[in-house]
$ cat model06.cif   # mmCIF, C-alpha atoms
data_protein
loop_
_atom_site.label_atom_id
_atom_site.label_comp_id
_atom_site.auth_asym_id
_atom_site.auth_seq_id
_atom_site.Cartn_x
_atom_site.Cartn_y
_atom_site.Cartn_z
CA MET A 186 -156.98 -127.16 84.10
CA LEU A 187 -155.00 -126.75 87.30
CA LYS A 188 -152.79 -129.77 86.60
CA GLU A 189 -152.08 -128.50 83.08
CA GLY A 190 -151.08 -125.14 84.54
CA GLU A 191 -148.86 -126.85 87.08
CA ARG A 192 -147.13 -128.84 84.33
CA LEU A 193 -146.51 -125.67 82.34
CA LEU A 194 -145.19 -123.98 85.43
CA GLU A 195 -142.81 -126.87 86.22
CA GLY A 196 -141.48 -126.75 82.66
CA LEU A 197 -140.92 -123.00 82.85
CA TRP A 198 -139.38 -123.35 86.29
CA GLY A 199 -136.87 -125.87 84.98
CA GLU A 200 -136.00 -123.70 81.97
CA VAL A 201 -135.33 -120.68 84.17
CA ARG A 202 -133.12 -122.84 86.42
CA GLU A 203 -131.11 -124.12 83.45
CA LEU A 204 -130.75 -120.64 81.97
CA SER A 205 -129.46 -119.04 85.18
CA LEU A 206 -127.53 -121.90 86.81
CA GLY A 207 -127.16 -124.66 84.22
CA ASN A 208 -128.16 -128.26 84.90
CA ARG A 209 -125.10 -129.39 86.89
CA ILE A 210 -122.47 -128.04 89.24
CA GLN A 211 -119.47 -126.84 87.22
CA ARG A 212 -116.15 -128.59 87.83
CA LEU A 213 -112.78 -126.86 87.48
CA ASP A 214 -109.58 -128.85 86.90
CA SER A 215 -107.47 -126.24 88.66
CA PRO A 216 -107.98 -123.26 90.94
CA PRO A 217 -109.37 -120.16 89.20
CA THR A 218 -107.66 -116.79 89.39
CA PRO A 219 -109.13 -114.45 92.01
CA LEU A 220 -110.78 -112.45 89.22
CA GLN A 221 -112.31 -115.55 87.60
CA PHE A 222 -113.59 -116.80 90.94
CA LEU A 223 -115.20 -113.46 91.80
CA ARG A 224 -116.63 -112.86 88.33
CA ASP A 225 -117.84 -116.36 87.44
CA PHE A 226 -118.95 -117.75 90.81
CA VAL A 227 -119.12 -115.35 93.75
CA SER A 228 -120.91 -112.49 91.98
CA PRO A 229 -123.53 -114.70 90.26
CA ASN A 230 -123.80 -116.82 93.45
CA LYS A 231 -123.00 -120.10 91.66
CA PRO A 232 -121.35 -123.14 93.27
CA CYS A 233 -118.47 -125.04 91.74
CA ILE A 234 -116.11 -127.91 92.57
CA ILE A 235 -112.38 -127.29 92.24
CA SER A 236 -109.78 -130.04 91.79
CA ASN A 237 -106.04 -129.74 92.42
CA ALA A 238 -106.48 -126.82 94.81
CA ILE A 239 -105.20 -128.59 97.92
CA SER A 240 -102.93 -131.23 96.38
CA HIS A 241 -99.97 -129.62 98.17
CA TRP A 242 -101.51 -130.20 101.62
CA PRO A 243 -99.64 -132.74 103.78
CA ALA A 244 -103.07 -133.43 105.32
CA LEU A 245 -104.09 -135.49 102.26
CA THR A 246 -101.54 -138.15 103.11
CA ARG A 247 -101.25 -137.69 106.87
CA TRP A 248 -104.83 -137.41 108.13
CA PRO A 249 -106.13 -140.68 106.64
CA SER A 250 -103.60 -142.31 108.98
CA LEU A 251 -105.58 -142.51 112.19
CA SER A 252 -102.45 -143.33 114.17
CA TYR A 253 -100.97 -140.00 113.01
CA LEU A 254 -104.07 -138.12 114.16
CA SER A 255 -104.17 -139.89 117.53
CA SER A 256 -100.48 -139.26 118.12
CA THR A 257 -100.49 -135.62 117.03
CA LEU A 258 -103.65 -134.84 118.98
CA SER A 259 -102.95 -137.06 121.97
CA ASP A 260 -103.11 -134.12 124.38
CA SER A 261 -105.98 -132.28 122.67
CA ILE A 262 -109.41 -131.94 124.28
CA VAL A 263 -112.05 -131.68 121.56
CA SER A 264 -115.81 -131.25 121.16
CA LEU A 265 -117.68 -134.47 120.41
CA HIS A 266 -121.31 -134.37 119.28
CA LEU A 267 -123.48 -137.35 120.25
CA THR A 268 -126.91 -138.28 118.88
CA PRO A 269 -128.93 -141.51 118.74
CA ASP A 270 -129.09 -141.54 114.93
CA GLY A 271 -126.45 -139.20 113.49
CA ARG A 272 -128.91 -136.37 112.84
CA ALA A 273 -127.94 -133.35 114.91
CA ASP A 274 -129.52 -129.95 114.26
CA SER A 275 -132.52 -131.63 112.72
CA LEU A 276 -136.25 -132.05 113.19
CA VAL A 277 -137.44 -134.94 115.35
CA PRO A 278 -140.64 -135.81 117.26
CA LEU A 279 -140.55 -134.57 120.84
CA GLU A 280 -140.54 -137.36 123.39
CA ASN A 281 -143.56 -137.83 125.65
CA SER A 282 -145.46 -135.08 123.88
CA LYS A 283 -149.24 -135.13 124.31
CA LYS A 284 -149.57 -134.38 120.64
CA GLU A 285 -147.11 -135.25 117.89
CA GLU A 286 -144.94 -132.15 118.26
CA ILE A 287 -141.83 -131.66 116.14
CA CYS A 288 -138.80 -129.94 117.64
CA PHE A 289 -135.38 -128.76 116.50
CA ALA A 290 -132.94 -131.10 118.25
CA SER A 291 -129.31 -130.24 119.02
CA ALA A 292 -126.66 -132.84 119.85
CA HIS A 293 -125.29 -133.67 123.27
CA VAL A 294 -121.77 -132.20 123.33
CA GLU A 295 -118.90 -133.45 125.47
CA ARG A 296 -115.30 -132.27 125.75
CA VAL A 297 -113.12 -135.38 125.61
CA PRO A 298 -109.54 -136.37 124.70
CA PHE A 299 -109.20 -136.78 120.94
CA PRO A 300 -108.16 -140.48 120.97
CA CYS A 301 -111.29 -141.37 122.97
CA ALA A 302 -113.47 -139.29 120.67
CA LEU A 303 -112.03 -140.91 117.55
CA ASP A 304 -112.68 -144.36 119.00
CA LEU A 305 -116.37 -143.51 119.38
CA VAL A 306 -116.55 -142.23 115.79
CA LEU A 307 -114.95 -145.43 114.47
CA ASN A 308 -117.30 -147.77 116.33
CA PRO A 309 -120.75 -146.97 114.88
CA GLU A 310 -121.99 -150.48 115.68
CA ARG A 311 -122.65 -149.30 119.23
CA LYS A 312 -126.42 -149.23 119.47
CA ASN A 313 -128.16 -145.85 119.38
CA LEU A 314 -124.97 -143.81 119.66
CA VAL A 315 -123.46 -141.86 116.75
CA ALA A 316 -120.43 -139.69 117.42
CA TYR A 317 -119.33 -136.76 115.24
CA LEU A 318 -116.22 -134.65 115.79
CA GLN A 319 -117.26 -131.12 114.91
CA GLN A 320 -117.99 -127.74 116.43
CA GLN A 321 -118.99 -124.77 114.30
CA ASN A 322 -117.07 -122.15 116.27
CA ASP A 323 -113.69 -122.05 114.52
CA CYS A 324 -112.90 -125.41 116.09
CA PHE A 325 -109.92 -126.18 113.85
CA ARG A 326 -107.95 -123.19 115.07
CA GLU A 327 -109.26 -123.55 118.64
CA GLU A 328 -109.06 -127.32 119.21
CA TYR A 329 -106.87 -128.79 116.46
CA SER A 330 -104.02 -126.28 116.25
CA ALA A 331 -101.51 -129.15 116.34
CA LEU A 332 -102.60 -129.95 112.77
CA ALA A 333 -102.23 -126.39 111.49
CA SER A 334 -99.03 -127.07 109.51
CA ASP A 335 -100.78 -129.80 107.51
CA CYS A 336 -103.01 -127.40 105.55
CA ASP A 337 -103.38 -123.76 104.54
CA ALA A 338 -104.58 -121.22 107.10
CA HIS A 339 -106.70 -119.71 104.32
CA ILE A 340 -107.23 -120.24 100.60
CA PRO A 341 -105.15 -117.52 98.90
CA TRP A 342 -107.14 -117.04 95.68
CA VAL A 343 -110.39 -116.93 97.65
CA THR A 344 -109.01 -114.46 100.18
CA GLU A 345 -107.83 -112.16 97.39
CA ALA A 346 -111.12 -112.44 95.52
CA LEU A 347 -113.06 -111.49 98.66
CA GLY A 348 -111.12 -108.33 99.34
CA GLY A 349 -108.21 -109.70 101.35
CA TYR A 350 -110.31 -110.69 104.36
CA LEU A 351 -109.26 -113.90 106.11
CA PRO A 352 -111.79 -116.63 107.03
CA GLU A 353 -114.08 -115.84 109.93
CA ALA A 354 -113.89 -119.50 111.00
CA VAL A 355 -112.21 -122.76 110.00
CA ASN A 356 -113.98 -125.95 111.08
CA LEU A 357 -112.90 -129.60 111.10
CA TRP A 358 -115.38 -132.45 110.56
CA ILE A 359 -114.61 -136.11 111.33
CA GLY A 360 -117.52 -138.54 111.16
CA ASN A 361 -118.75 -141.88 109.87
CA HIS A 362 -121.40 -142.88 107.35
CA LEU A 363 -124.24 -142.37 109.84
CA SER A 364 -123.72 -138.62 110.27
CA GLU A 365 -126.10 -136.52 108.20
CA THR A 366 -126.85 -132.79 108.04
CA SER A 367 -130.39 -131.63 107.30
CA PHE A 368 -131.29 -128.89 104.82
CA HIS A 369 -130.15 -125.45 105.99
CA LYS A 370 -128.33 -122.33 104.80
CA ASP A 371 -125.40 -120.29 106.13
CA HIS A 372 -124.61 -116.60 105.87
CA TYR A 373 -121.04 -117.35 104.79
CA GLU A 374 -119.11 -117.97 101.61
CA ASN A 375 -118.19 -121.59 102.29
CA LEU A 376 -115.11 -123.36 100.89
CA TYR A 377 -115.52 -127.02 101.80
CA ALA A 378 -112.39 -129.16 101.38
CA VAL A 379 -112.66 -132.94 101.66
CA VAL A 380 -109.49 -134.61 102.94
CA SER A 381 -110.64 -138.22 103.26
CA GLY A 382 -113.76 -140.08 102.14
CA GLU A 383 -116.54 -138.35 100.20
CA LYS A 384 -119.36 -135.88 100.87
CA GLN A 385 -122.67 -135.96 99.01
CA PHE A 386 -124.44 -132.61 98.78
CA LEU A 387 -127.96 -131.71 97.71
CA LEU A 388 -128.03 -128.02 96.78
CA LEU A 389 -130.82 -125.53 96.13
CA PRO A 390 -130.34 -121.82 95.34
CA PRO A 391 -131.69 -119.09 97.62
CA THR A 392 -134.46 -118.42 95.11
CA ASP A 393 -135.97 -121.80 96.07
CA LEU A 394 -136.61 -120.57 99.58
CA HIS A 395 -140.35 -121.22 99.29
CA ARG A 396 -139.69 -124.91 98.55
CA MET A 397 -138.05 -125.42 101.95
CA TYR A 398 -141.24 -124.81 103.99
CA ILE A 399 -139.33 -123.00 106.73
CA GLN A 400 -141.16 -122.88 110.05
CA ASP A 401 -140.32 -122.00 113.64
CA PHE A 402 -139.74 -125.10 115.78
CA PRO A 403 -139.19 -125.30 119.54
CA ALA A 404 -135.52 -125.88 120.37
CA ALA A 405 -134.61 -129.07 122.25
CA GLN A 406 -131.38 -130.62 123.47
CA TYR A 407 -130.21 -134.22 123.66
CA SER A 408 -128.56 -135.32 126.90
CA TYR A 409 -126.69 -138.63 127.05
CA SER A 410 -126.03 -140.82 130.07
CA SER A 411 -122.99 -143.07 129.73
CA ASP A 412 -124.29 -145.11 132.69
CA SER A 413 -127.59 -146.05 131.07
CA GLY A 414 -126.42 -145.67 127.48
CA LYS A 415 -129.61 -143.74 126.70
CA PHE A 416 -130.53 -140.29 125.40
CA ARG A 417 -133.12 -137.88 126.70
CA LEU A 418 -134.57 -135.11 124.55
CA GLU A 419 -135.94 -132.09 126.40
CA LEU A 420 -137.10 -128.64 125.38
CA GLU A 421 -134.74 -125.83 126.22
CA LYS A 422 -135.63 -123.54 129.11
CA PRO A 423 -136.46 -120.76 128.60
CA LEU A 424 -138.27 -121.90 125.49
CA ARG A 425 -136.95 -120.55 122.21
CA TYR A 426 -137.81 -121.22 118.57
CA VAL A 427 -135.54 -121.95 115.62
CA PRO A 428 -136.55 -121.33 111.97
CA TRP A 429 -135.69 -124.51 110.05
CA CYS A 430 -136.41 -126.30 106.79
CA SER A 431 -139.26 -128.82 107.08
CA VAL A 432 -138.27 -130.96 104.09
CA ASN A 433 -136.58 -134.34 104.44
CA PRO A 434 -135.29 -135.12 100.93
CA TYR A 435 -134.88 -138.82 101.73
CA PRO A 436 -138.14 -139.97 103.33
CA SER A 437 -138.59 -143.63 104.14
CA PRO A 438 -140.75 -145.73 101.79
CA GLU A 439 -143.43 -145.77 104.50
CA THR A 440 -143.64 -141.97 104.72
CA LYS A 441 -142.70 -140.93 101.19
CA GLU A 442 -146.26 -140.42 99.95
CA ILE A 443 -147.17 -138.37 103.01
CA GLU A 444 -144.03 -136.23 102.71
CA MET A 445 -144.67 -135.58 99.02
CA SER A 446 -148.22 -134.42 99.72
CA LYS A 447 -147.05 -132.14 102.56
CA PHE A 448 -144.25 -130.52 100.56
CA PRO A 449 -145.32 -130.52 96.89
CA LEU A 450 -143.20 -127.53 95.90
CA TYR A 451 -140.06 -129.42 96.86
CA PHE A 452 -140.88 -132.84 95.45
CA ASN A 453 -142.63 -131.60 92.28
CA GLY A 454 -140.19 -128.81 91.44
CA PRO A 455 -136.81 -128.96 89.70
CA THR A 456 -134.53 -131.64 91.10
CA PRO A 457 -131.92 -130.28 93.54
CA PHE A 458 -128.35 -130.19 92.32
CA HIS A 459 -126.56 -133.31 93.52
CA CYS A 460 -122.79 -133.44 93.71
CA THR A 461 -120.16 -135.66 95.27
CA VAL A 462 -117.04 -133.98 96.63
CA LYS A 463 -114.12 -136.39 96.76
CA ALA A 464 -110.89 -136.33 98.72
CA GLY A 465 -108.65 -133.57 97.39
CA GLU A 466 -111.54 -131.46 96.05
CA ILE A 467 -113.09 -128.20 97.26
CA LEU A 468 -116.76 -127.29 96.95
CA TYR A 469 -117.50 -123.58 96.75
CA LEU A 470 -120.89 -123.29 98.44
CA PRO A 471 -122.18 -119.74 98.01
CA SER A 472 -123.81 -117.89 100.86
CA MET A 473 -127.48 -118.66 101.53
CA TRP A 474 -127.61 -121.76 99.34
CA PHE A 475 -129.61 -124.53 100.99
CA HIS A 476 -127.64 -127.73 101.43
CA HIS A 477 -128.19 -131.23 102.76
CA VAL A 478 -125.11 -133.38 103.41
CA ARG A 479 -124.40 -137.10 103.63
CA GLN A 480 -121.01 -138.78 103.63
CA SER A 481 -119.17 -141.95 102.64
CA PRO A 482 -116.15 -142.97 104.72
CA ASP A 483 -112.71 -144.02 103.55
CA GLU A 484 -111.29 -147.50 104.12
CA ASN A 485 -110.68 -146.62 107.78
CA GLY A 486 -114.34 -145.84 108.36
CA CYS A 487 -114.37 -142.05 108.60
CA THR A 488 -114.79 -138.94 106.49
CA ILE A 489 -112.59 -135.91 107.18
CA ALA A 490 -113.24 -132.42 105.88
CA LEU A 491 -112.20 -128.86 106.58
CA ASN A 492 -114.32 -125.86 105.73
CA TYR A 493 -113.47 -122.17 105.57
CA TRP A 494 -116.20 -119.65 106.35
CA TYR A 495 -115.63 -116.25 104.79
CA ASP A 496 -117.97 -113.41 105.69
CA MET A 497 -120.53 -112.80 102.96
CA GLN A 498 -121.11 -109.38 101.46
CA PHE A 499 -124.46 -107.99 102.54
CA ASP A 500 -125.11 -106.61 99.09
CA ILE A 501 -127.88 -106.88 96.49
CA LYS A 502 -127.97 -110.69 96.84
CA TYR A 503 -128.78 -110.39 100.53
CA ALA A 504 -131.38 -107.71 99.84
CA TYR A 505 -132.99 -109.95 97.22
CA PHE A 506 -133.09 -112.92 99.61
CA ASN A 507 -134.78 -110.76 102.25
CA PHE A 508 -137.30 -109.71 99.62
CA LEU A 509 -138.07 -113.37 98.93
CA GLN A 510 -138.54 -113.98 102.65
CA SER A 511 -141.02 -111.12 102.82
CA ILE A 512 -143.34 -112.78 100.28
CA HIS A 513 -146.07 -114.53 102.21
CA HIS A 514 -146.86 -117.48 99.96
CA GLY A 515 -144.53 -119.73 101.98
CA SER A 516 -146.34 -119.30 105.29
CA ARG A 517 -149.70 -119.64 103.61
CA LEU A 518 -148.69 -122.93 101.99
CA MET A 519 -147.55 -124.41 105.28
CA ASN A 520 -151.02 -124.13 106.71
CA CYS A 521 -153.06 -125.21 103.72
CA ASP A 522 -154.19 -128.58 102.41
CA ALA A 523 -152.10 -129.13 99.29
CA SER A 524 -154.97 -130.90 97.56
CA LYS A 525 -157.16 -127.80 97.92
CA CYS A 526 -154.59 -125.17 96.94
CA THR A 527 -155.08 -123.28 93.71
CA LEU A 528 -152.29 -122.18 91.47
CA SER A 529 -152.76 -118.59 92.63
CA ASP A 530 -152.44 -119.74 96.25
CA GLU A 531 -149.05 -121.22 95.50
CA LEU A 532 -147.56 -118.46 93.41
CA CYS A 533 -149.16 -115.10 94.08
CA ILE A 534 -149.44 -112.49 96.77
CA ASP A 535 -153.01 -111.28 97.27
CA ALA A 536 -153.69 -108.13 95.31
CA SER A 537 -154.82 -106.47 98.52
CA GLU A 538 -151.46 -107.30 100.15
CA LEU A 539 -149.59 -105.90 97.17
CA GLU A 540 -151.61 -102.70 97.24
CA ALA A 541 -150.99 -102.36 100.98
CA ASN A 542 -147.26 -102.82 100.44
CA GLN A 543 -147.30 -100.14 97.75
CA GLU A 544 -149.10 -97.75 100.07
CA ASP A 545 -146.54 -98.45 102.81
CA THR A 546 -143.76 -97.65 100.36
CA LYS A 547 -145.38 -94.35 99.45
CA ASP A 548 -145.79 -93.45 103.08
CA GLY A 549 -142.16 -94.29 103.81
#

$ encode --input "model06.cif" --output "structure tokens"
Amino acid sequence: MLKEGERLLEGLWGEVRELSLGNRIQRLDSPPTPLQFLRDFVSPNKPCIISNAISHWPALTRWPSLSYLSSTLSDSIVSLHLTPDGRADSLVPLENSKKEEICFASAHVERVPFPCALDLVLNPERKNLVAYLQQQNDCFREEYSALASDCDAHIPWVTEALGGYLPEAVNLWIGNHLSETSFHKDHYENLYAVVSGEKQFLLLPPTDLHRMYIQDFPAAQYSYSSDSGKFRLELEKPLRYVPWCSVNPYPSPETKEIEMSKFPLYFNGPTPFHCTVKAGEILYLPSMWFHHVRQSPDENGCTIALNYWYDMQFDIKYAYFNFLQSIHHGSRLMNCDASKCTLSDELCIDASELEANQEDTKDG
């Protein structure tokens, strides 16, 4: 009976997804007007991929030339992220832990001359060392200002649609095929422009929050020794915790069955949207959408992208997302044996909890 109910639920779940978001990410052959962008994508919180929006950028022809980048940025000191496997800001087992403890690991970051940093990115065959040029703190305007004339400082039709406000941050990303970003969300309207290579995104809407199995993990930091060529992973002091998505959408064949049993709502629910953003295209990634990112390099061995973070509006969409976070089924699922869960466990708030919430509302 339970399995039949689950099948019915999955069918309904998929129908609701298709009705509200469709079954694929919409592609536009040209930039929308500000009104179209606001009405058709920002307001309904729907992603899209736009072609021919940055075809006028000199960056499209200049940046794939690594000699141009090295020459233009020869005097620039930039932030280089180093990890043993290309997975920064991700969940990994803590070293030398008495029990198998999972932590949220951040990359080792060094400030180095750009030509040296690029050399490390382009030589991924070096054992247990993956370099990624990125820093999510407005790094393009802070560290790569010499390239500013090669692209737009903002995206005009987006800026107009969002009330005339300029981007809060503009970030540059240069990496190889080994760099990967785990599932997460951002409180920004994200315009992600690929200049060279390709980016592969898995996307889930904010309403699928419960499928991400978000938990608090202890924060840890990689440190790298160039002398030994080895990494150390240590918990931060003082200890702090980071809420992060537990799901790895690409488990190894050895762990796939275990991962599927631990996170049934993800693996048994509607398939995430998958899209490939090619050089010259922009992905509009709405605020609070969960995304996982992989990349394919160009013929020179790297992928280059620029993203614009515009402040999101803390409106009804944000209020609705906070409402979803307040529903307790997610935390209950994390601590239960999936094989023993009932359908009501997975979908419902206890009646007693609902009544208590109603009483709190009356009192307030």

$ residues_near_point --input "model06.cif" --point "(-135.0, -134.8, 88.9)" --cutoff "12 Å" --atoms "all atoms listed in the file" --output "list in words"
Glu195, Gly199, Asn208, Arg209, Leu387, Tyr451, Phe452, Asn453, Gly454, Pro455, Thr456, Pro457, Phe458 and His459 of chain A

$ resolve_selection --input "model06.cif" --expression "the PyMOL selection byres ((chain A and resi 231-247) around 7)" --output "list of chain:residue names"
A:Leu206, A:Ile210, A:Gln211, A:Arg212, A:Leu213, A:Asp214, A:Ser215, A:Pro216, A:Phe226, A:Val227, A:Pro229, A:Asn230, A:Trp248, A:Pro249, A:Ser250, A:Tyr253, A:Asp335, A:Cys336, A:Val380, A:Gly465, A:Glu466, A:Ile467, A:Leu468, A:Tyr469, A:Leu470, A:Pro471

$ write_last_selection --input "model06.cif" --atoms "C-alpha atoms" --output "short mmCIF file (atom, residue, chain, number, x, y, z; two decimals), keeping the file's coordinate frame"
data_model
loop_
_atom_site.label_atom_id
_atom_site.label_comp_id
_atom_site.auth_asym_id
_atom_site.auth_seq_id
_atom_site.Cartn_x
_atom_site.Cartn_y
_atom_site.Cartn_z
CA LEU A 206 -127.53 -121.90 86.81
CA ILE A 210 -122.47 -128.04 89.24
CA GLN A 211 -119.47 -126.84 87.22
CA ARG A 212 -116.15 -128.59 87.83
CA LEU A 213 -112.78 -126.86 87.48
CA ASP A 214 -109.58 -128.85 86.90
CA SER A 215 -107.47 -126.24 88.66
CA PRO A 216 -107.98 -123.26 90.94
CA PHE A 226 -118.95 -117.75 90.81
CA VAL A 227 -119.12 -115.35 93.75
CA PRO A 229 -123.53 -114.70 90.26
CA ASN A 230 -123.80 -116.82 93.45
CA TRP A 248 -104.83 -137.41 108.13
CA PRO A 249 -106.13 -140.68 106.64
CA SER A 250 -103.60 -142.31 108.98
CA TYR A 253 -100.97 -140.00 113.01
CA ASP A 335 -100.78 -129.80 107.51
CA CYS A 336 -103.01 -127.40 105.55
CA VAL A 380 -109.49 -134.61 102.94
CA GLY A 465 -108.65 -133.57 97.39
CA GLU A 466 -111.54 -131.46 96.05
CA ILE A 467 -113.09 -128.20 97.26
CA LEU A 468 -116.76 -127.29 96.95
CA TYR A 469 -117.50 -123.58 96.75
CA LEU A 470 -120.89 -123.29 98.44
CA PRO A 471 -122.18 -119.74 98.01
#

$ residues_around --input "model06.cif" --residues "Phe416 in chain A" --least-positions-apart "4" --cutoff "10 Å" --atoms "all atoms listed in the file" --output "count of residues only"
12

$ atom_distance --input "model06.cif" --atom1 "CA of Pro391 in chain A" --atom2 "CA of Ala464 in chain A"
27.0 Å

$ resolve_selection --input "model06.cif" --expression "the PyMOL selection byres ((chain A and resi 477) around 7)" --output "PDB file with C-alpha atoms, in the frame of the given file"
ATOM      1  CA  THR A 366    -126.850-132.790 108.040  1.00  0.00           C
ATOM      2  CA  SER A 367    -130.390-131.630 107.300  1.00  0.00           C
ATOM      3  CA  PHE A 368    -131.290-128.890 104.820  1.00  0.00           C
ATOM      4  CA  HIS A 369    -130.150-125.450 105.990  1.00  0.00           C
ATOM      5  CA  PHE A 386    -124.440-132.610  98.780  1.00  0.00           C
ATOM      6  CA  LEU A 387    -127.960-131.710  97.710  1.00  0.00           C
ATOM      7  CA  LEU A 388    -128.030-128.020  96.780  1.00  0.00           C
ATOM      8  CA  HIS A 476    -127.640-127.730 101.430  1.00  0.00           C
ATOM      9  CA  VAL A 478    -125.110-133.380 103.410  1.00  0.00           C
TER      10      VAL A 478
END

$ residues_around --input "model06.cif" --residues "range 328-331 of chain A" --least-positions-apart "6" --cutoff "8 Å" --atoms "only C-alpha atoms" --output "list of chain:residue names"
A:Thr257, A:Leu258, A:Ser261, A:Ile262, A:Val263

$ build_atoms --input "model06.cif" --residues "range 469-485 of chain A" --atoms "N, CA and C atoms" --output "PDB file, in the coordinates of the input"
ATOM      1  N   TYR A 469    -117.117-124.949  96.392  1.00  0.00           N
ATOM      2  CA  TYR A 469    -117.500-123.580  96.750  1.00  0.00           C
ATOM      3  C   TYR A 469    -119.013-123.559  96.900  1.00  0.00           C
ATOM      4  N   LEU A 470    -119.469-123.343  98.123  1.00  0.00           N
ATOM      5  CA  LEU A 470    -120.890-123.290  98.440  1.00  0.00           C
ATOM      6  C   LEU A 470    -121.245-121.836  98.742  1.00  0.00           C
ATOM      7  N   PRO A 471    -121.914-121.165  97.814  1.00  0.00           N
ATOM      8  CA  PRO A 471    -122.180-119.740  98.010  1.00  0.00           C
ATOM      9  C   PRO A 471    -123.087-119.473  99.213  1.00  0.00           C
ATOM     10  N   SER A 472    -122.992-118.276  99.721  1.00  0.00           N
ATOM     11  CA  SER A 472    -123.810-117.890 100.860  1.00  0.00           C
ATOM     12  C   SER A 472    -125.293-118.053 100.540  1.00  0.00           C
ATOM     13  N   MET A 473    -126.016-118.525 101.534  1.00  0.00           N
ATOM     14  CA  MET A 473    -127.480-118.660 101.530  1.00  0.00           C
ATOM     15  C   MET A 473    -128.013-119.762 100.621  1.00  0.00           C
ATOM     16  N   TRP A 474    -127.133-120.586 100.065  1.00  0.00           N
ATOM     17  CA  TRP A 474    -127.610-121.760  99.340  1.00  0.00           C
ATOM     18  C   TRP A 474    -128.025-122.830 100.359  1.00  0.00           C
ATOM     19  N   PHE A 475    -129.150-123.449 100.120  1.00  0.00           N
ATOM     20  CA  PHE A 475    -129.610-124.530 100.990  1.00  0.00           C
ATOM     21  C   PHE A 475    -128.833-125.799 100.641  1.00  0.00           C
ATOM     22  N   HIS A 476    -128.407-126.516 101.684  1.00  0.00           N
ATOM     23  CA  HIS A 476    -127.640-127.730 101.430  1.00  0.00           C
ATOM     24  C   HIS A 476    -127.960-128.804 102.460  1.00  0.00           C
ATOM     25  N   HIS A 477    -127.995-130.027 101.962  1.00  0.00           N
ATOM     26  CA  HIS A 477    -128.190-131.230 102.760  1.00  0.00           C
ATOM     27  C   HIS A 477    -126.963-132.095 102.501  1.00  0.00           C
ATOM     28  N   VAL A 478    -126.398-132.704 103.562  1.00  0.00           N
ATOM     29  CA  VAL A 478    -125.110-133.380 103.410  1.00  0.00           C
ATOM     30  C   VAL A 478    -125.161-134.799 103.989  1.00  0.00           C
ATOM     31  N   ARG A 479    -124.678-135.741 103.184  1.00  0.00           N
ATOM     32  CA  ARG A 479    -124.400-137.100 103.630  1.00  0.00           C
ATOM     33  C   ARG A 479    -122.926-137.389 103.339  1.00  0.00           C
ATOM     34  N   GLN A 480    -122.418-138.496 103.847  1.00  0.00           N
ATOM     35  CA  GLN A 480    -121.010-138.780 103.630  1.00  0.00           C
ATOM     36  C   GLN A 480    -120.723-140.270 103.521  1.00  0.00           C
ATOM     37  N   SER A 481    -119.660-140.575 102.795  1.00  0.00           N
ATOM     38  CA  SER A 481    -119.170-141.950 102.640  1.00  0.00           C
ATOM     39  C   SER A 481    -117.756-141.996 103.191  1.00  0.00           C
ATOM     40  N   PRO A 482    -117.464-142.936 104.078  1.00  0.00           N
ATOM     41  CA  PRO A 482    -116.150-142.970 104.720  1.00  0.00           C
ATOM     42  C   PRO A 482    -115.078-143.571 103.811  1.00  0.00           C
ATOM     43  N   ASP A 483    -113.827-143.376 104.230  1.00  0.00           N
ATOM     44  CA  ASP A 483    -112.710-144.020 103.550  1.00  0.00           C
ATOM     45  C   ASP A 483    -112.558-145.438 104.084  1.00  0.00           C
ATOM     46  N   GLU A 484    -111.470-146.103 103.720  1.00  0.00           N
ATOM     47  CA  GLU A 484    -111.290-147.500 104.120  1.00  0.00           C
ATOM     48  C   GLU A 484    -111.126-147.665 105.625  1.00  0.00           C
ATOM     49  N   ASN A 485    -110.815-146.567 106.319  1.00  0.00           N
ATOM     50  CA  ASN A 485    -110.680-146.620 107.780  1.00  0.00           C
ATOM     51  C   ASN A 485    -111.997-146.361 108.512  1.00  0.00           C
TER      52      ASN A 485
END
